[in-house]
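Text of model32.txt, listed as compact mmCIF, C-alpha atoms and all ligand atoms:
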```
# COMPACT_ATOMS: atom_id res chain seq x y z
CA MET W 1 134.91 66.11 71.24
CA ALA W 2 136.50 66.30 74.68
CA ALA W 3 136.30 69.80 76.12
CA GLN W 4 139.36 71.75 77.11
CA ILE W 5 139.33 72.19 80.88
CA ILE W 6 139.64 75.82 81.94
CA ASP W 7 141.82 75.50 85.02
CA GLY W 8 140.60 78.19 87.40
CA LYS W 9 143.01 77.13 90.12
CA ALA W 10 146.05 77.69 87.88
CA PHE W 11 144.59 80.88 86.40
CA ALA W 12 143.87 82.26 89.89
CA ALA W 13 147.51 81.59 90.82
CA THR W 14 148.66 83.75 87.88
CA VAL W 15 146.25 86.53 88.94
CA ARG W 16 147.57 86.38 92.52
CA GLU W 17 151.15 86.53 91.17
CA LYS W 18 150.31 89.64 89.15
CA VAL W 19 148.68 91.19 92.23
CA ALA W 20 151.72 90.38 94.39
CA GLY W 21 154.04 91.91 91.77
CA HIS W 22 152.01 95.08 91.70
CA VAL W 23 151.85 95.24 95.50
CA ALA W 24 155.65 94.91 95.66
CA ARG W 25 156.02 97.80 93.17
CA LEU W 26 153.54 99.97 95.11
CA LYS W 27 155.58 99.41 98.27
CA GLU W 28 158.94 99.98 96.64
CA GLU W 29 158.13 102.92 94.38
CA ASN W 30 155.36 104.66 96.33
CA GLY W 31 155.73 103.48 99.93
CA ILE W 32 152.10 102.29 99.91
CA THR W 33 150.81 98.93 101.16
CA PRO W 34 147.27 98.12 99.99
CA GLY W 35 144.95 97.09 102.81
CA LEU W 36 141.78 94.99 102.79
CA ALA W 37 139.34 95.03 105.70
CA VAL W 38 136.85 92.20 106.08
CA VAL W 39 133.93 92.51 108.46
CA LEU W 40 132.32 89.31 109.68
CA VAL W 41 129.14 89.45 111.74
CA GLY W 42 128.15 86.23 113.50
CA GLU W 43 129.53 82.73 113.28
CA ASP W 44 128.23 81.24 110.05
CA PRO W 45 130.71 78.36 109.47
CA ALA W 46 130.95 78.83 105.67
CA SER W 47 131.53 82.59 106.10
CA GLN W 48 134.26 81.90 108.68
CA VAL W 49 136.06 79.64 106.19
CA TYR W 50 135.82 82.27 103.42
CA VAL W 51 137.03 85.07 105.69
CA ARG W 52 140.03 83.00 106.88
CA SER W 53 140.94 82.17 103.32
CA LYS W 54 140.60 85.81 102.21
CA GLY W 55 142.82 87.00 105.07
CA LYS W 56 145.49 84.39 104.32
CA GLN W 57 145.62 85.18 100.61
CA THR W 58 145.65 88.93 101.27
CA VAL W 59 148.75 88.57 103.45
CA GLU W 60 150.39 86.17 100.96
CA ALA W 61 150.00 88.83 98.26
CA GLY W 62 151.92 91.27 100.48
CA MET W 63 148.90 93.36 101.51
CA ASN W 64 147.63 94.29 104.95
CA SER W 65 144.62 92.33 106.15
CA TYR W 66 142.29 93.72 108.80
CA GLU W 67 139.60 91.50 110.27
CA HIS W 68 136.66 92.81 112.27
CA LYS W 69 134.68 90.03 113.92
CA MET W 70 131.40 91.13 115.46
CA ASP W 71 128.79 89.26 117.48
CA ALA W 72 125.72 87.84 115.76
CA ASP W 73 123.50 90.24 117.72
CA THR W 74 125.50 93.35 116.72
CA SER W 75 123.21 96.34 116.18
CA GLU W 76 122.92 98.10 112.83
CA GLU W 77 124.27 101.23 114.50
CA ASP W 78 127.44 99.47 115.71
CA LEU W 79 128.05 97.86 112.32
CA LEU W 80 127.56 101.19 110.53
CA ALA W 81 130.05 102.76 112.95
CA VAL W 82 132.69 100.14 112.03
CA VAL W 83 132.07 100.67 108.30
CA ASN W 84 132.34 104.42 108.80
CA GLN W 85 135.61 104.04 110.66
CA LEU W 86 137.00 101.90 107.81
CA ASN W 87 135.72 104.40 105.21
CA ASN W 88 137.83 107.05 106.94
CA ASP W 89 140.94 104.93 107.48
CA PRO W 90 143.58 105.83 104.84
CA ASN W 91 145.33 102.46 105.33
CA VAL W 92 142.20 100.60 104.24
CA HIS W 93 141.69 100.57 100.45
CA GLY W 94 139.11 97.79 100.27
CA ILE W 95 136.17 96.96 102.55
CA LEU W 96 134.19 93.76 102.39
CA VAL W 97 131.23 93.01 104.63
CA GLN W 98 130.79 89.25 104.49
CA LEU W 99 127.30 88.20 103.39
CA PRO W 100 124.85 86.91 104.39
CA LEU W 101 124.32 89.17 107.39
CA PRO W 102 122.10 88.08 110.30
CA ALA W 103 118.43 88.66 109.48
CA HIS W 104 117.96 91.70 111.77
CA LEU W 105 120.51 93.72 109.74
CA ASN W 106 119.51 95.52 106.53
CA GLU W 107 122.03 94.28 103.95
CA ASP W 108 121.29 96.99 101.39
CA LEU W 109 121.69 99.72 103.99
CA ILE W 110 125.03 98.32 105.19
CA ILE W 111 126.45 97.72 101.69
CA ASN W 112 125.42 101.21 100.57
CA SER W 113 127.17 102.72 103.60
CA ILE W 114 130.56 101.53 102.27
CA ASP W 115 132.58 104.19 100.43
CA PRO W 116 131.99 103.14 96.76
CA ALA W 117 135.71 103.65 96.04
CA LYS W 118 136.51 101.00 98.70
CA ASP W 119 133.63 98.67 97.76
CA VAL W 120 135.80 95.79 96.50
CA ASP W 121 132.78 93.49 96.25
CA GLY W 122 131.21 95.91 93.75
CA PHE W 123 127.76 95.64 95.37
CA HIS W 124 127.26 99.35 96.24
CA ILE W 125 124.43 100.88 94.23
CA SER W 126 126.87 103.44 92.73
CA ASN W 127 129.11 100.69 91.41
CA VAL W 128 126.10 98.79 90.05
CA GLY W 129 125.05 101.96 88.20
CA LEU W 130 128.54 102.68 86.92
CA LEU W 131 128.91 99.12 85.59
CA GLY W 132 125.44 99.29 84.01
CA THR W 133 126.34 102.48 82.18
CA GLY W 134 129.74 101.22 81.03
CA GLN W 135 131.75 103.47 83.35
CA LYS W 136 134.76 102.70 85.50
CA SER W 137 133.52 100.87 88.62
CA MET W 138 134.44 98.26 91.17
CA VAL W 139 133.31 95.00 89.54
CA PRO W 140 131.85 92.07 91.55
CA CYS W 141 134.57 89.45 92.02
CA THR W 142 132.88 86.27 90.77
CA PRO W 143 131.69 87.68 87.42
CA LEU W 144 135.04 89.46 87.00
CA GLY W 145 136.79 86.10 87.43
CA CYS W 146 134.49 84.52 84.83
CA LEU W 147 135.18 87.37 82.39
CA MET W 148 138.94 87.05 82.85
CA MET W 149 138.81 83.32 82.08
CA LEU W 150 136.60 83.89 79.02
CA ARG W 151 138.89 86.62 77.66
CA ASP W 152 141.93 84.44 78.28
CA HIS W 153 140.35 81.54 76.43
CA HIS W 154 138.76 83.38 73.50
CA GLY W 155 140.65 86.65 73.14
CA SER W 156 137.76 88.75 71.84
CA LEU W 157 134.19 87.87 72.87
CA SER W 158 132.70 90.31 70.36
CA GLY W 159 129.55 89.07 68.61
CA MET W 160 129.30 85.82 70.58
CA ASP W 161 125.92 84.62 71.84
CA ALA W 162 126.05 84.39 75.63
CA VAL W 163 123.40 82.95 77.92
CA VAL W 164 123.63 83.65 81.64
CA ILE W 165 121.38 81.37 83.69
CA GLY W 166 120.53 83.25 86.90
CA ARG W 167 119.69 86.89 87.55
CA SER W 168 121.07 87.52 91.04
CA ASN W 169 122.60 90.88 91.88
CA ILE W 170 125.91 89.29 92.83
CA VAL W 171 126.46 87.00 89.85
CA GLY W 172 123.86 86.85 87.06
CA LYS W 173 123.16 90.54 86.44
CA PRO W 174 126.75 91.86 86.67
CA MET W 175 127.94 88.91 84.55
CA ALA W 176 125.46 89.87 81.85
CA GLN W 177 126.60 93.52 82.01
CA LEU W 178 130.24 92.50 81.63
CA LEU W 179 129.48 90.26 78.64
CA LEU W 180 127.47 93.06 77.07
CA GLY W 181 130.43 95.37 77.70
CA ASP W 182 132.56 92.92 75.70
CA SER W 183 129.99 93.08 72.87
CA CYS W 184 128.35 89.68 73.33
CA THR W 185 124.68 89.25 72.46
CA VAL W 186 123.39 88.47 75.94
CA THR W 187 120.35 86.57 77.17
CA ILE W 188 119.61 86.38 80.89
CA ALA W 189 117.61 83.28 81.79
CA HIS W 190 115.90 82.62 85.13
CA SER W 191 113.31 80.42 86.77
CA ARG W 192 110.48 81.80 84.59
CA THR W 193 112.34 81.43 81.28
CA LYS W 194 110.34 79.45 78.72
CA ASP W 195 112.14 76.67 76.86
CA LEU W 196 115.37 77.03 78.79
CA PRO W 197 117.00 74.10 76.92
CA ASP W 198 116.41 75.84 73.57
CA VAL W 199 117.67 79.17 74.91
CA VAL W 200 120.85 77.53 76.19
CA ARG W 201 121.36 75.58 72.92
CA ARG W 202 121.83 78.89 71.06
CA ALA W 203 124.74 79.96 73.24
CA ASP W 204 128.41 80.13 72.32
CA ILE W 205 129.01 80.95 75.99
CA VAL W 206 126.93 79.51 78.85
CA VAL W 207 127.37 80.89 82.36
CA ALA W 208 125.41 78.84 84.89
CA ALA W 209 124.73 80.63 88.22
CA VAL W 210 121.64 78.92 89.52
CA GLY W 211 122.43 77.07 92.74
CA ARG W 212 120.87 73.79 91.57
CA PRO W 213 123.17 70.77 91.48
CA GLU W 214 123.96 69.55 87.94
CA MET W 215 120.82 71.17 86.51
CA VAL W 216 122.20 71.74 82.99
CA PRO W 217 122.61 68.48 81.04
CA GLY W 218 124.98 68.02 78.12
CA ASP W 219 122.23 67.93 75.50
CA TRP W 220 121.44 71.62 76.23
CA ILE W 221 124.96 72.58 75.17
CA LYS W 222 125.79 73.62 71.61
CA GLU W 223 128.69 71.64 70.17
CA GLY W 224 131.91 73.54 70.96
CA ALA W 225 130.36 76.10 73.35
CA THR W 226 132.26 77.41 76.37
CA VAL W 227 130.65 76.52 79.71
CA ILE W 228 131.40 78.53 82.84
CA ASP W 229 129.96 76.83 85.91
CA VAL W 230 129.57 79.23 88.84
CA GLY W 231 127.52 76.85 90.99
CA ILE W 232 128.84 75.49 94.25
CA ASN W 233 126.52 72.83 95.59
CA ARG W 234 127.24 70.38 98.36
CA ILE W 235 125.56 67.02 97.76
CA GLU W 236 125.81 63.53 99.16
CA ARG W 237 126.60 60.80 96.66
CA ASP W 238 127.51 57.19 97.38
CA GLY W 239 127.59 58.06 101.09
CA LYS W 240 130.18 60.81 100.53
CA ASN W 241 129.94 64.61 100.59
CA LYS W 242 130.76 66.09 97.21
CA LEU W 243 130.95 69.55 95.63
CA VAL W 244 129.22 69.84 92.27
CA GLY W 245 128.36 72.73 89.98
CA ASP W 246 125.15 73.79 88.28
CA VAL W 247 126.01 71.82 85.13
CA ASP W 248 126.32 68.09 84.74
CA TYR W 249 130.06 68.12 84.17
CA ALA W 250 130.48 64.71 82.47
CA SER W 251 127.79 65.16 79.80
CA CYS W 252 128.52 68.87 79.24
CA ALA W 253 132.25 68.19 78.81
CA GLU W 254 131.39 65.79 75.95
CA ARG W 255 129.81 68.58 73.89
CA ALA W 256 131.50 71.78 75.10
CA GLY W 257 134.64 73.19 73.55
CA ALA W 258 135.82 74.33 76.98
CA ILE W 259 134.46 74.01 80.50
CA THR W 260 135.30 75.04 84.06
CA PRO W 261 135.32 72.22 86.63
CA VAL W 262 133.82 72.36 90.13
CA PRO W 263 135.82 72.56 92.30
CA GLY W 264 138.82 74.26 90.69
CA GLY W 265 137.07 76.55 88.21
CA VAL W 266 135.31 79.79 89.10
CA GLY W 267 135.71 79.35 92.88
CA PRO W 268 139.46 80.13 93.19
CA MET W 269 139.09 83.09 90.83
CA THR W 270 136.69 84.87 93.18
CA ILE W 271 139.23 85.54 95.96
CA ALA W 272 141.96 86.27 93.38
CA CYS W 273 139.68 88.98 91.94
CA LEU W 274 139.01 90.36 95.41
CA LEU W 275 142.77 90.88 95.78
CA ALA W 276 142.89 92.39 92.28
CA ASN W 277 140.06 94.80 93.17
CA THR W 278 141.89 95.85 96.34
CA VAL W 279 145.02 96.76 94.35
CA THR W 280 142.88 98.58 91.79
CA ALA W 281 141.10 100.54 94.56
CA CYS W 282 144.46 101.40 96.14
CA CYS W 283 145.88 102.68 92.83
CA ARG W 284 142.76 104.76 92.15
CA ALA W 285 142.81 106.22 95.68
CA ASN W 286 146.40 107.32 95.17
CA GLY W 287 146.00 108.58 91.60
CA LEU W 288 148.33 105.88 90.26
CA ALA W 289 148.10 103.80 87.08
CA GLU W 290 145.93 100.73 87.52
CA PRO W 291 147.44 97.29 87.04
CA GLU W 292 146.80 95.97 83.54
CA GLY W 293 144.63 92.90 83.08
CA LEU W 294 143.20 92.96 86.60
CA THR W 295 140.06 95.00 85.89
CA ALA W 296 137.16 94.67 83.45
P1 LIG I 301 120.65 83.08 93.74
O1 LIG I 301 119.88 82.03 94.46
O2 LIG I 301 120.68 84.45 94.27
O3 LIG I 301 120.11 83.14 92.23
C1 LIG I 301 119.82 81.99 91.51
C2 LIG I 301 119.24 82.35 90.18
O4 LIG I 301 118.95 81.13 89.49
C3 LIG I 301 117.92 83.13 90.27
O5 LIG I 301 117.95 84.21 89.36
C4 LIG I 301 116.88 82.11 89.88
O6 LIG I 301 115.80 82.64 89.12
C5 LIG I 301 117.66 81.19 88.96
N1 LIG I 301 117.04 79.87 88.93
C6 LIG I 301 116.66 79.10 89.97
N2 LIG I 301 116.12 77.97 89.54
C7 LIG I 301 116.13 78.01 88.19
C8 LIG I 301 115.69 77.14 87.18
N3 LIG I 301 115.13 75.96 87.46
N4 LIG I 301 115.88 77.50 85.90
C9 LIG I 301 116.45 78.68 85.59
N5 LIG I 301 116.91 79.56 86.52
C10 LIG I 301 116.73 79.22 87.80
O7 LIG I 301 122.11 82.47 93.57
P2 LIG I 301 123.53 83.20 93.33
O8 LIG I 301 123.53 83.94 92.06
O9 LIG I 301 123.95 83.87 94.56
O10 LIG I 301 124.46 81.90 93.19
C11 LIG I 301 124.28 80.96 92.15
C12 LIG I 301 125.24 79.80 92.36
O11 LIG I 301 126.57 80.30 92.30
C13 LIG I 301 125.13 79.11 93.71
O12 LIG I 301 125.43 77.74 93.56
C14 LIG I 301 126.23 79.75 94.54
O13 LIG I 301 126.71 78.90 95.57
C15 LIG I 301 127.28 79.97 93.48
N6 LIG I 301 128.22 81.03 93.76
C16 LIG I 301 129.53 80.77 93.57
C17 LIG I 301 130.48 81.72 93.79
C18 LIG I 301 131.90 81.38 93.52
O14 LIG I 301 132.79 82.02 94.06
N7 LIG I 301 132.18 80.42 92.65
C19 LIG I 301 130.14 83.06 94.27
C20 LIG I 301 128.71 83.29 94.35
C21 LIG I 301 127.79 82.29 94.13
P3 LIG I 301 114.68 83.63 89.78
O15 LIG I 301 115.37 84.97 89.88
O16 LIG I 301 113.59 83.62 88.78
O17 LIG I 301 114.34 83.06 91.10
```
Just give me the structure of the file as structure tokens.
Ligand code: NDP
Amino acid sequence: MAAQIIDGKAFAATVREKVAGHVARLKEENGITPGLAVVLVGEDPASQVYVRSKGKQTVEAGMNSYEHKMDADTSEEDLLAVVNQLNNDPNVHGILVQLPLPAHLNEDLIINSIDPAKDVDGFHISNVGLLGTGQKSMVPCTPLGCLMMLRDHHGSLSGMDAVVIGRSNIVGKPMAQLLLGDSCTVTIAHSRTKDLPDVVRRADIVVAAVGRPEMVPGDWIKEGATVIDVGINRIERDGKNKLVGDVDYASCAERAGAITPVPGGVGPMTIACLLANTVTACCRANGLAEPEGLTA
């Protein structure tokens, strides 16, 4: 059976369209323009690319984009002062501090200094707790994107067996919480999991968030399962640089019912969900109805 390809690029375009429509209505009916502030410390090349892309897509959706670029040797005090200023700025509805931060800065301290209502990355401890207890929260963008694609493909996820490979705070754990929230039976696998192939073979839904190129082979996949590949790994093959996921796409696509490609799967959904979270935060801040279909 050839798997259906879940086209994250096309799906992300529909999410961005919905966001832009909602932004236009907020401007017209309420005189409000949502604003997203991104703080970049240092000159990590990959972070610079992400931040540029976020800024461009924010403006394309009709929102205000504020960029704060700070030197790599910025002190914790100076960074906290910028976050505090953004927390108090009524034109800023979403704040994102680009990770990773330089080693001398305490990431947890910085993230937890963001106003939870403006924490569009969903990493603040309050949002983690709210998500874990099934309450309204800001949801981390990558798992939110995965959930949207799964809901779009399956309708209801209720009762499905889901295996999330990876237990990071930014992908694995929130993904598992979201799947649990949609009434899946969830297993979280990690580097100490025994018999990983057998665990994965039970799954109707496999979310791979490991960071190991093509680690999951097709014979771990149950016939007809849905495979969501979060991995972004740069490898060299046949003398060329290539992006691959955490699953071996060719062999997994032979057994899966549906699969996300890399690139063009989960990746584009992450920034689309960041824009969605910014609109959601803006609506909540102003006591307005939240856009439908853009939150968990
Ligand atoms: P982390 O490195 O933080 O976590 C990786 C997880 O994989 C850990 O829980 C680790 O287990 C587990 N793991 C490592 N090796 C194995 C193994 N052999 N078997 C089973 N589990 C294993 O990564 P992230 O969650 O941050 O990212 C995962 C991937 O997703 C990366 O490729 C990253 O680039 C990508 N990513 C993509 C995004 C997107 O927008 N598409 C956004 C964020 C990440 P343990 O805890 O035991 O060490």
What does the distance from CA of Gly42 in chain W to CA of Leu109 in chain W come to in Å, to one decimal?
17.7 Å
Quick one: residues within 6 Å of range 24-35 of chain W, all atoms listed in the file counted, chain neighbours fewer than 3 positions away excluded, as a short mmCIF file (atom, residue, chain, number, x, y, z; two decimals) with C-alpha atoms, in the coordinates of the input?
```cif
data_model
loop_
_atom_site.label_atom_id
_atom_site.label_comp_id
_atom_site.auth_asym_id
_atom_site.auth_seq_id
_atom_site.Cartn_x
_atom_site.Cartn_y
_atom_site.Cartn_z
CA GLY W 21 154.04 91.91 91.77
CA MET W 63 148.90 93.36 101.51
CA ASN W 64 147.63 94.29 104.95
CA SER W 65 144.62 92.33 106.15
CA ASN W 91 145.33 102.46 105.33
CA VAL W 92 142.20 100.60 104.24
CA HIS W 93 141.69 100.57 100.45
CA CYS W 282 144.46 101.40 96.14
#
```
Extract, using all atoms listed in the file, all DNA, RNA and protein residues at most 6 Å from range 211-213 of chain W, discarding same-chain residues fewer than 5 positions from it, and format them as a PyMOL selection string.
chain W and resi 231+233+245-246
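Among W:Leu275, W:Leu131, W:Val39, W:Val199, the residue with the shortest atom-to-atom distance to Gln57 in chain W, counting all atoms listed in the file, is W:Leu275.
The space separating CA of Gly172 in chain W from CA of Gly155 in chain W comes to 21.8 Å.
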Please identify the residues whose atoms come within 9 Å of ligand LIG 301 (chain I), using all atoms listed in the file, and report them as a count of residues only.
45
Using only C-alpha atoms, which residues sit within 6 Å of range 290-293 of chain W once same-chain residues fewer than 2 positions away are excluded, as a ChimeraX atom specification?
/W:280,283,295
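Here CA of Val23 in chain W stands at a distance of 21.6 Å from CA of Asn88 in chain W.
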Find the residue from W:Ala296, W:Ile110, W:Ala117, W:Ala272 that sits nearest to Val19 in chain W; use all atoms listed in the file when measuring.
W:Ala272
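Candidate residues W:Val279, W:Cys184, W:Leu79, W:Ala72 were compared for distance to Leu36 in chain W, and the nearest is W:Val279, using only C-alpha atoms.
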Need to verify the contact set: Pro197 in chain W, 10 Å, all atoms listed in the file, exclusion of same-chain residues closer than 2 positions in sequence. Can you return it as a ChimeraX atom specification?
/W:193-195,199-202,216-217,219-221
Using C-alpha atoms, can you write the selected residues to a file as an mmCIF file, in the coordinates of the input?
```cif
data_model
loop_
_atom_site.group_PDB
_atom_site.id
_atom_site.type_symbol
_atom_site.label_atom_id
_atom_site.label_comp_id
_atom_site.auth_asym_id
_atom_site.auth_seq_id
_atom_site.Cartn_x
_atom_site.Cartn_y
_atom_site.Cartn_z
ATOM 1 C CA THR W 193 112.340 81.430 81.280
ATOM 2 C CA LYS W 194 110.340 79.450 78.720
ATOM 3 C CA ASP W 195 112.140 76.670 76.860
ATOM 4 C CA VAL W 199 117.670 79.170 74.910
ATOM 5 C CA VAL W 200 120.850 77.530 76.190
ATOM 6 C CA ARG W 201 121.360 75.580 72.920
ATOM 7 C CA ARG W 202 121.830 78.890 71.060
ATOM 8 C CA VAL W 216 122.200 71.740 82.990
ATOM 9 C CA PRO W 217 122.610 68.480 81.040
ATOM 10 C CA ASP W 219 122.230 67.930 75.500
ATOM 11 C CA TRP W 220 121.440 71.620 76.230
ATOM 12 C CA ILE W 221 124.960 72.580 75.170
#
```
For Val38 in chain W, list every protein, DNA or RNA residue within 6 Å, evaluated using only C-alpha atoms, and leave out those in the same chain fewer than 6 positions away; present the list as a JSON list (two decimals) with C-alpha atoms, keeping the file's coordinate frame.
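Listing of result.json after writing:
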```json
[["chain", "number", "residue", "atom", "x", "y", "z"],
["W", 67, "GLU", "CA", 139.60, 91.50, 110.27],
["W", 95, "ILE", "CA", 136.17, 96.96, 102.55],
["W", 96, "LEU", "CA", 134.19, 93.76, 102.39],
["W", 97, "VAL", "CA", 131.23, 93.01, 104.63]]
```
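Nearest to Gly224 in chain W of all the residues W:Ala2, W:Pro100, W:Asn84, W:Ser113 is W:Ala2, based on all atoms listed in the file.
Using all atoms listed in the file, the nearest neighbour of Ala285 in chain W within the list W:Asp7, W:Glu76, W:Glu43, W:Asp115 is W:Asp115.
Proximity to Ala256 in chain W was assessed for W:Leu86, W:Ala46, W:Ala3, W:Leu150 counting all atoms listed in the file; the smallest distance is recorded for W:Ala3.
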